[in-house]
Amino acid sequence: MIDKASIQDFPPMTASLLADNSGVFRVGTAEQYLTATDAGTARRQLVELMQAEARKSGRPIRVTVDDPTSVTVLLIGVDGELQEEPQSAAPARTAQRATPPPAPVSAQRVPLIQAPPPAPSQPAPARPAAAQPQTPLRAAPAQPSTPAQPTPPVSANPQAIAAPQPVPPQRPTVQQPAFGTPPFQPVSNQPNAQQPVPAQRAVPAQQSVQAPPAAPAQQQQPPVPQQQQAPGQPTAPARRDLRDAPSFLAPPTIGPAQHGLAGLLNKLGFSVPPSASERAERDDVHAVSRHFPRRRTISVANQKGGANKTPTVVNLSSVFARYGGGGVAAWDNNETMGTLGWRTEQGGHDSTVLDLLAAASDLLSPGAERADLSRFVHHQPGDKYEVLRSAADGEHVVTADEVDLVHRVLAKYYRLIVMDSGNSAGAPNWRRMVELTDQLVIPTTTVEDKKEGARLTLTAVSRVSERGAELARNAVVIVSEAEAKDTSIANAYAEDFRPYVRDVVVVPFDPALKNGVIRHDALRSSTQRAWLAAAAAVSRGL
């Protein structure tokens, strides 16, 4: 339920849908436009814009929407919920928002310099000469040879200037403006207008001071008032630093729901946002679809046999390859003979890791191609990854140097390597695997000894080196239900591991994982969703 009390009416928000399936969403003075091929798509786009605005503002919003047939007031919650407000409650607020209040009189602009009032019809009486103050000045230096332009008169009335008075020789006088005249003349912005010049200094006392002749009133330049902006004329925007400009690209929006009842309603023309669980699924898909700037290696380890290591390798490889577009190799790094080849499809050959070791120098040469590797790995056509099998006879024991060599070959051709492992933490290939690992995964089932094997494996990895201790702290534990009734046990096991590792994921029981070749499409939808969550947890550690 949307809390109407938290809705703010400013800035006003309105939207319009036009008959040509275009529209606009307004937030105050900001506008976002949309175009669509049909009315249903236009409505969906508009709802997405409004939902994005509600999430950005962090509170519910009210939007008045008009289309060619009606006017509707919608309330949009932060979680994307839509609610129509009854028309009886909306018009008063809508009208109040639509009409801005008139500006107060005191807020109206006035010119900074106003024109002086017109001169009175009667001439102002001249100030008596005796009342004029006498100011001693030094004699002015000789004027330059260039004749000065005539100075505009201070007053248009000749009678407003007093007659010159004789002064003592040592005390020249300065002509004072007549009473009632403006103290200055504003500067004209006309290009050819005659500009006023400063008054000349007093002349020596031997010369009588003559008042300048008054010019006709029509020669005076009227003061120019400050130019005012015409009503309705847009104000020129202030210049800003381009480095502070935000991106002009539209922010990413959350698409409508695709699953469940909400997805069905959207197929019928509605625009219902995805639920929280569907958004979490989209986040997991985004996590497992990422490509990293260099090769990444994931190691799956548990010293106890039957702890679900191989099904974990298969399903993680399937999820990463399906959503990330291939480039994933599943490598059975068992020191003698592993079971990864038994649980996956076989290609058109029976090559193992020993065959790849024999051709490693050729595969690492500059002229080697991706297709050359297909003779040694087994492609999984449905799940889009490749499998490198362990030795079939179990007689050859893989060394640490051979692990390095195989890893170099796979790192040249794949972006992601998922390593299965044996049960001996002291084997050289097992310890070298830990050194090559970017993310450690510890699988277990709801059987007690498998859980204990997972704990001991974490301890063994942490003791290999300082890097091993960091891998153990950031490990992901995957608890798979051994039987359908083990849900409560699996959840309890998960809580036991959670304080010691980065993340724990529970996978429900699925009969398709018990025996035979594992194909991701054969799993139940709940099991597929759990493996997607597990792969996303692993990806976030890479």
# chains A, B, ... in the order shown; residues from 1 in each chain; ligands from 1
$ residues_around --residues "range 401-403 of chain A" --least-positions-apart "4" --cutoff "9 Å" --atoms "only C-alpha atoms" --output "ChimeraX atom specification"
/A:333,357,407-408,428-429,432-433
$ atom_distance --atom1 "CA of Asp393 in chain A" --atom2 "CA of Leu340 in chain A"
14.2 Å
$ atom_distance --atom1 "CA of Phe509 in chain A" --atom2 "CA of Gly324 in chain A"
25.8 Å
$ select_by_dssp --residues "range 351-476 of chain A" --states "strand (DSSP E or B)" --output "PyMOL selection string"
chain A and resi 378-379+386-388+416-421+439-445+476
$ select_by_dssp --residues "range 213-346 of chain A" --states "alpha helix (DSSP H)" --output "PyMOL selection string"
chain A and resi 260-267+276-288+309-324
$ write_last_selection --atoms "C-alpha atoms" --output "PDB file, in the first residue's frame"
ATOM      1  CA  GLY A 260       4.649 -15.635 -12.989  1.00  0.00           C
ATOM      2  CA  LEU A 261       1.310 -13.888 -13.016  1.00  0.00           C
ATOM      3  CA  ALA A 262       2.945 -10.487 -13.498  1.00  0.00           C
ATOM      4  CA  GLY A 263       4.657 -11.727 -16.657  1.00  0.00           C
ATOM      5  CA  LEU A 264       1.342 -13.047 -17.989  1.00  0.00           C
ATOM      6  CA  LEU A 265      -0.350  -9.702 -17.347  1.00  0.00           C
ATOM      7  CA  ASN A 266       2.432  -7.891 -19.197  1.00  0.00           C
ATOM      8  CA  LYS A 267       1.871 -10.111 -22.231  1.00  0.00           C
ATOM      9  CA  ALA A 276      11.989  -8.857  -5.680  1.00  0.00           C
ATOM     10  CA  SER A 277      12.814 -12.502  -6.474  1.00  0.00           C
ATOM     11  CA  GLU A 278      12.839 -11.829 -10.220  1.00  0.00           C
ATOM     12  CA  ARG A 279      15.133  -8.821  -9.710  1.00  0.00           C
ATOM     13  CA  ALA A 280      17.492 -11.018  -7.653  1.00  0.00           C
ATOM     14  CA  GLU A 281      17.524 -13.555 -10.487  1.00  0.00           C
ATOM     15  CA  ARG A 282      18.398 -10.834 -12.986  1.00  0.00           C
ATOM     16  CA  ASP A 283      21.271  -9.732 -10.744  1.00  0.00           C
ATOM     17  CA  ASP A 284      22.593 -13.309 -10.647  1.00  0.00           C
ATOM     18  CA  VAL A 285      22.360 -13.618 -14.434  1.00  0.00           C
ATOM     19  CA  HIS A 286      24.326 -10.386 -14.782  1.00  0.00           C
ATOM     20  CA  ALA A 287      26.997 -11.699 -12.380  1.00  0.00           C
ATOM     21  CA  VAL A 288      27.574 -14.991 -14.229  1.00  0.00           C
ATOM     22  CA  LYS A 309      32.523 -32.445  -6.320  1.00  0.00           C
ATOM     23  CA  THR A 310      31.935 -33.616  -9.893  1.00  0.00           C
ATOM     24  CA  PRO A 311      28.250 -32.506 -10.114  1.00  0.00           C
ATOM     25  CA  THR A 312      29.369 -29.132  -8.737  1.00  0.00           C
ATOM     26  CA  VAL A 313      32.043 -28.799 -11.456  1.00  0.00           C
ATOM     27  CA  VAL A 314      29.532 -29.767 -14.170  1.00  0.00           C
ATOM     28  CA  ASN A 315      26.781 -27.384 -13.087  1.00  0.00           C
ATOM     29  CA  LEU A 316      29.053 -24.391 -12.446  1.00  0.00           C
ATOM     30  CA  SER A 317      30.639 -24.905 -15.877  1.00  0.00           C
ATOM     31  CA  SER A 318      27.191 -25.156 -17.490  1.00  0.00           C
ATOM     32  CA  VAL A 319      25.890 -21.931 -15.916  1.00  0.00           C
ATOM     33  CA  PHE A 320      29.001 -19.892 -16.731  1.00  0.00           C
ATOM     34  CA  ALA A 321      29.146 -21.168 -20.313  1.00  0.00           C
ATOM     35  CA  ARG A 322      25.418 -20.775 -21.010  1.00  0.00           C
ATOM     36  CA  TYR A 323      25.147 -17.199 -19.760  1.00  0.00           C
ATOM     37  CA  GLY A 324      28.680 -16.051 -20.561  1.00  0.00           C
TER      38      GLY A 324
END
$ residues_around --residues "Val505 in chain A" --least-positions-apart "6" --cutoff "7 Å" --atoms "only C-alpha atoms" --output "list of chain:residue names"
A:Val477, A:Ile478, A:Val479, A:Ala534
$ write_last_selection --atoms "N, CA, C and O atoms" --output "compact mmCIF listing (two decimals), in the first residue's frame"
# COMPACT_ATOMS: atom_id res chain seq x y z
N VAL A 477 30.73 -22.25 0.01
CA VAL A 477 30.32 -23.61 0.35
C VAL A 477 28.97 -23.88 -0.30
O VAL A 477 28.04 -23.06 -0.19
N ILE A 478 28.85 -25.01 -1.01
CA ILE A 478 27.60 -25.39 -1.66
C ILE A 478 27.12 -26.69 -1.00
O ILE A 478 27.78 -27.73 -1.07
N VAL A 479 25.96 -26.60 -0.34
CA VAL A 479 25.38 -27.73 0.37
C VAL A 479 24.28 -28.31 -0.51
O VAL A 479 23.26 -27.66 -0.77
N ALA A 534 24.40 -20.18 -7.00
CA ALA A 534 25.73 -20.64 -6.58
C ALA A 534 26.81 -20.07 -7.50
O ALA A 534 27.87 -19.60 -7.03
$ closest_residue --among "A:Met13, A:Ile61, A:Ala250, A:Leu34" --to "Gly80 in chain A" --atoms "only C-alpha atoms"
A:Ile61
$ atom_distance --atom1 "CA of Val353 in chain A" --atom2 "CA of Arg389 in chain A"
5.9 Å
$ closest_residue --among "A:Ser22, A:Ser299, A:Ser390, A:Ser365" --to "Asp350 in chain A" --atoms "only C-alpha atoms"
A:Ser390
$ residues_around --residues "Ile489 in chain A" --least-positions-apart "3" --cutoff "12 Å" --atoms "only C-alpha atoms" --output "list in words"
Thr444, Thr445, Thr446, Val447, Glu448, Lys451, Val479, Ser480, Glu481, Ala482, Glu483, Ala484, Lys485, Asp486, Ala492, Tyr493, Ala494, Glu495, Asp496, Val506, Val507, Pro508 and Phe509 of chain A
